[in-house]
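**Q** Let me give you the structure first, and then I'll get to my questions.
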Amino acid sequence: MKYTFSENIQGFLVIGIRKILSFIPLKMRYKFFENLGLLAYYLIKKRRELTIDNIKNAFPEKSEKEVIEIAKGSYKTMGKMIMTSIYLEEITKNGNTVVENEELMLEACSRSEKAVIIVSLHLGGFEAGSVMRNIRKFYAVFRRQKNRKLNDLMTKWREEGGLNSLPLKDTDALNKALGEKCMIALASDHHGSGVEIQFFGRPVEAVTGPALLGFKNKTPLILTYAVFEDNVIKIKNKKILEIEKKGKLKETMQYNMQKIFHEFEEIIREYPDQYMWQHKRWRKK
């Protein structure tokens, strides 16, 4: 693939910065990326205002000071999320990422000789779930980066950390993976044109991917999320999700996605400053 001059320049710049920072201890790198995230909080006004508005919508009972602290924490976490992608191989080795309730994942895998769907959300270091590649091949669905050079670099670095990328909306690639003995992680909390549900007491359009795949393919679903605890990422396998049939297909999707979003809410309430609040959660029709 031939990259544009601009793509090459940006790509080589990122490669150089990554290389230089790799000489710094992991703990100091986390601090650097936290500060990078905090810098984005101060510099990008429109995104900062959206973040604060989202938090206020979710937690109307919180004071202005509490909202700002959550917002700043979210930006720090976002910085560490970026670092997780760039240094995924290192971060998923030597005890830098640990897995809780691994037996739950093993149980889900025992139910299928094909794929298991990991239902997750944009919280903490969720990409580090690839540490479970010792159980099965690990896939995750990602949106392609506009910069093709950066997209290919991120794909490469993720693969080095055991995370195989499935491009968003690439149905053929997804269907192929569904037939493999693997795990497929879906971060399913973003806005989508699927069904209308309630999220923090407000109507929102949600994707139906996890529920639809579980229902149509009889694919096991497991709710898993990741949080930063100091300089360690903890992968928490919370529960196996059962898809319940309710009348017509749309009713089934709506009911089960609502159940999933209730789970998301519970997790976010426990770790509000580790959730990615920077995107539109509630959109006007």
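Residue names in the structure tokens use chain letters A, B, ... in the order shown, residue numbers from 1 in each chain, and ligand numbers from 1 in the order shown.
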Would you give me, as a tab-separated table, each residue of segment 140-166 of chain A having an atom within 12 Å of an atom of segment 2-13 of chain A, along with its shortest atom pair and that distance in Å to one decimal, using only C-alpha atoms and sorting by chain and residue number?
**A**
residue	atom	partner	partner_atom	distance
A:Gln145	CA	A:Glu7	CA	11.1
A:Lys146	CA	A:Glu7	CA	9.4
A:Asn147	CA	A:Glu7	CA	5.9
A:Arg148	CA	A:Glu7	CA	6.9
A:Lys149	CA	A:Glu7	CA	5.7
A:Leu150	CA	A:Gly11	CA	5.6
A:Asn151	CA	A:Gly11	CA	9.3
A:Asp152	CA	A:Gly11	CA	9.4
A:Leu153	CA	A:Gly11	CA	7.7
A:Met154	CA	A:Gly11	CA	10.2
**Q** If you count only C-alpha atoms, which residues fall within 10 Å of Ser85 of chain A, apart from same-chain ones fewer than 5 positions away, as a list in words?
**A**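 Near Ser85 of chain A, the qualifying residues are Lys80, Ile91, Gly125, Phe126, Glu127, Ala128, Met154, Thr155, Trp157, Arg158, Gly161 and Leu163 of chain A.
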**Q** Using only C-alpha atoms, find each residue of segment 98-159 of chain A with at least one atom at most 7 Å away from an atom of segment 211-228 of chain A; report its shortest atom-to-atom pair and that distance in Å (one decimal), sort the rows by chain and rising residue number, and return the result as JSON lines.
**A**
{"residue": "A:Ala108", "atom": "CA", "partner": "A:Pro220", "partner_atom": "CA", "distance": 6.1}
{"residue": "A:Arg111", "atom": "CA", "partner": "A:Pro220", "partner_atom": "CA", "distance": 6.9}
{"residue": "A:Ala115", "atom": "CA", "partner": "A:Thr219", "partner_atom": "CA", "distance": 6.6}
{"residue": "A:Val116", "atom": "CA", "partner": "A:Pro220", "partner_atom": "CA", "distance": 5.2}
{"residue": "A:Ile117", "atom": "CA", "partner": "A:Leu221", "partner_atom": "CA", "distance": 4.8}
{"residue": "A:Ile118", "atom": "CA", "partner": "A:Ile222", "partner_atom": "CA", "distance": 5.1}
{"residue": "A:Val119", "atom": "CA", "partner": "A:Leu223", "partner_atom": "CA", "distance": 4.8}
{"residue": "A:Ser120", "atom": "CA", "partner": "A:Thr224", "partner_atom": "CA", "distance": 5.4}
{"residue": "A:Leu121", "atom": "CA", "partner": "A:Tyr225", "partner_atom": "CA", "distance": 6.7}
{"residue": "A:Leu123", "atom": "CA", "partner": "A:Ala226", "partner_atom": "CA", "distance": 6.5}
{"residue": "A:Gly124", "atom": "CA", "partner": "A:Val227", "partner_atom": "CA", "distance": 4.3}
{"residue": "A:Gly125", "atom": "CA", "partner": "A:Ala226", "partner_atom": "CA", "distance": 5.5}
{"residue": "A:Phe126", "atom": "CA", "partner": "A:Ala226", "partner_atom": "CA", "distance": 4.9}
**Q** Tell me, as an MDAnalysis selection string, which residues lie within 7 Å of Leu178 of chain A, counting only C-alpha atoms; anything in the same chain fewer than 2 positions away does not count.
**A** chainID A and resid 114:115 174:176 180
**Q** Can you pull out the residues contacting Glu196 of chain A? Cut-off 9 Å, using only C-alpha atoms, and skip same-chain residues under 4 positions away; I want them as a VMD selection string.
**A** chain A and resid 203 to 206 254 258
**Q** Please identify every residue of segment 66-151 of chain A that has at least one atom no farther than 12 Å from an atom of segment 30-50 of chain A, counting only C-alpha atoms, and for each give the shortest atom pair and the distance in Å to one decimal, arranged by chain then increasing number, as a Markdown table.
**A**
| residue | atom | partner | partner_atom | distance |
| --- | --- | --- | --- | --- |
| A:Val67 | CA | A:Glu49 | CA | 11.3 |
| A:Ile68 | CA | A:Arg48 | CA | 9.8 |
| A:Glu69 | CA | A:Leu38 | CA | 11.2 |
| A:Ile70 | CA | A:Tyr41 | CA | 11.6 |
| A:Ala71 | CA | A:Arg48 | CA | 7.9 |
| A:Lys72 | CA | A:Leu38 | CA | 6.3 |
| A:Gly73 | CA | A:Leu38 | CA | 8.1 |
| A:Ser74 | CA | A:Gly37 | CA | 8.4 |
| A:Tyr75 | CA | A:Gly37 | CA | 4.8 |
| A:Lys76 | CA | A:Glu34 | CA | 4.2 |
| A:Thr77 | CA | A:Glu34 | CA | 6.5 |
| A:Met78 | CA | A:Gly37 | CA | 6.1 |
| A:Gly79 | CA | A:Gly37 | CA | 4.4 |
| A:Lys80 | CA | A:Phe33 | CA | 5.5 |
| A:Met81 | CA | A:Phe33 | CA | 8.7 |
| A:Ile82 | CA | A:Phe33 | CA | 7.8 |
| A:Met83 | CA | A:Phe33 | CA | 6.6 |
| A:Thr84 | CA | A:Tyr30 | CA | 9.1 |
| A:Ser85 | CA | A:Phe33 | CA | 11.8 |
| A:Ile86 | CA | A:Phe33 | CA | 11.1 |
| A:Tyr87 | CA | A:Tyr30 | CA | 10.7 |
| A:Ile91 | CA | A:Tyr30 | CA | 10.7 |
| A:Asn96 | CA | A:Tyr30 | CA | 11.8 |
| A:Gly125 | CA | A:Tyr30 | CA | 11.5 |
**Q** Between atom CA of Ala187 of chain A and atom CA of Val98 of chain A, what is the distance, to one decimal in Å?
**A**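 A separation of 19.5 Å between them.
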**Q** With only C-alpha atoms as the basis for distance, which of A:Lys246, A:Gly129, A:Glu89, A:Thr171 is at the shortest distance from Ser22 of chain A?
**A**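 Looking only at the distances to Ser22 of chain A, the closest residue turns out to be A:Glu89.
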**Q** Atom CA of Pro60 of chain A and atom CA of Arg269 of chain A are how many Å apart?
**A** 12.7 Å
**Q** Would you return as a PyMOL selection string the members of segment 1-201 of chain A that DSSP assigns to strand (DSSP E) on this structure's backbone?
**A** chain A and resi 97-100+116-120+137-142+163-167+182-187+191-199
**Q** Limited to C-alpha atoms, could you put the picked residues into a file as a PDB file, in the first residue's frame?
**A**
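Output file selection_18.pdb is given in full below:
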ATOM      1  CA  THR A  97      -2.103  -7.370  33.327  1.00  0.00           C
ATOM      2  CA  VAL A  98      -3.911  -9.922  35.485  1.00  0.00           C
ATOM      3  CA  VAL A  99      -7.142 -11.834  34.895  1.00  0.00           C
ATOM      4  CA  GLU A 100      -9.873 -12.351  37.478  1.00  0.00           C
ATOM      5  CA  VAL A 116     -17.149 -16.838  22.188  1.00  0.00           C
ATOM      6  CA  ILE A 117     -18.284 -13.190  22.235  1.00  0.00           C
ATOM      7  CA  ILE A 118     -16.776 -10.910  24.888  1.00  0.00           C
ATOM      8  CA  VAL A 119     -19.219  -8.085  25.592  1.00  0.00           C
ATOM      9  CA  SER A 120     -17.283  -5.077  26.857  1.00  0.00           C
ATOM     10  CA  LYS A 137      -7.061 -16.705  19.678  1.00  0.00           C
ATOM     11  CA  PHE A 138      -8.229 -13.190  20.524  1.00  0.00           C
ATOM     12  CA  TYR A 139     -10.015 -10.790  18.147  1.00  0.00           C
ATOM     13  CA  ALA A 140     -11.501  -7.338  18.671  1.00  0.00           C
ATOM     14  CA  VAL A 141     -13.502  -5.087  16.372  1.00  0.00           C
ATOM     15  CA  PHE A 142     -12.021  -1.643  15.635  1.00  0.00           C
ATOM     16  CA  LEU A 163      -4.941  -8.841  19.643  1.00  0.00           C
ATOM     17  CA  ASN A 164      -6.123  -9.492  16.087  1.00  0.00           C
ATOM     18  CA  SER A 165      -8.115  -6.644  14.549  1.00  0.00           C
ATOM     19  CA  LEU A 166     -11.459  -7.057  12.808  1.00  0.00           C
ATOM     20  CA  PRO A 167     -12.388  -3.875  10.887  1.00  0.00           C
ATOM     21  CA  CYS A 182     -11.584 -17.983  19.287  1.00  0.00           C
ATOM     22  CA  MET A 183     -12.753 -15.037  21.401  1.00  0.00           C
ATOM     23  CA  ILE A 184     -14.185 -11.891  19.794  1.00  0.00           C
ATOM     24  CA  ALA A 185     -14.335  -8.719  21.904  1.00  0.00           C
ATOM     25  CA  LEU A 186     -17.048  -6.183  21.115  1.00  0.00           C
ATOM     26  CA  ALA A 187     -17.023  -2.794  22.865  1.00  0.00           C
ATOM     27  CA  HIS A 191     -24.226   5.043  19.988  1.00  0.00           C
ATOM     28  CA  GLY A 192     -25.695   2.847  17.257  1.00  0.00           C
ATOM     29  CA  SER A 193     -28.768   2.679  15.040  1.00  0.00           C
ATOM     30  CA  GLY A 194     -30.121  -0.568  16.427  1.00  0.00           C
ATOM     31  CA  VAL A 195     -32.705  -0.305  19.199  1.00  0.00           C
ATOM     32  CA  GLU A 196     -33.775   2.393  21.626  1.00  0.00           C
ATOM     33  CA  ILE A 197     -33.030   1.657  25.273  1.00  0.00           C
ATOM     34  CA  GLN A 198     -32.415   3.540  28.510  1.00  0.00           C
ATOM     35  CA  PHE A 199     -28.887   4.530  29.563  1.00  0.00           C
TER      36      PHE A 199
END
**Q** Would you give me, as a PyMOL selection string, the residues in segment 57-142 of chain A that DSSP reads as helix (DSSP H, G or I)?
**A** chain A and resi 57-58+64-86+88-91+102-110+126-134
**Q** Tell me, in Å to one decimal, how far atom CA of Thr51 of chain A is from atom CA of Leu168 of chain A.
**A**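 Pair atom CA of Thr51 of chain A / atom CA of Leu168 of chain A returns 24.1 Å.
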**Q** Measuring atom to atom with only C-alpha atoms, identify which of A:Pro210, A:Ile267, A:Ser112, A:His279 is nearest to Asp53 of chain A.
**A**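 The shortest atom-to-atom distance to Asp53 of chain A comes from A:His279.
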**Q** Counting only C-alpha atoms, figure out which residue out of A:Leu104, A:Leu88, A:Ile24, A:Ala58 gets nearest to Ile268 of chain A.
**A**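 The answer is A:Ala58, which sits nearest to Ile268 of chain A.
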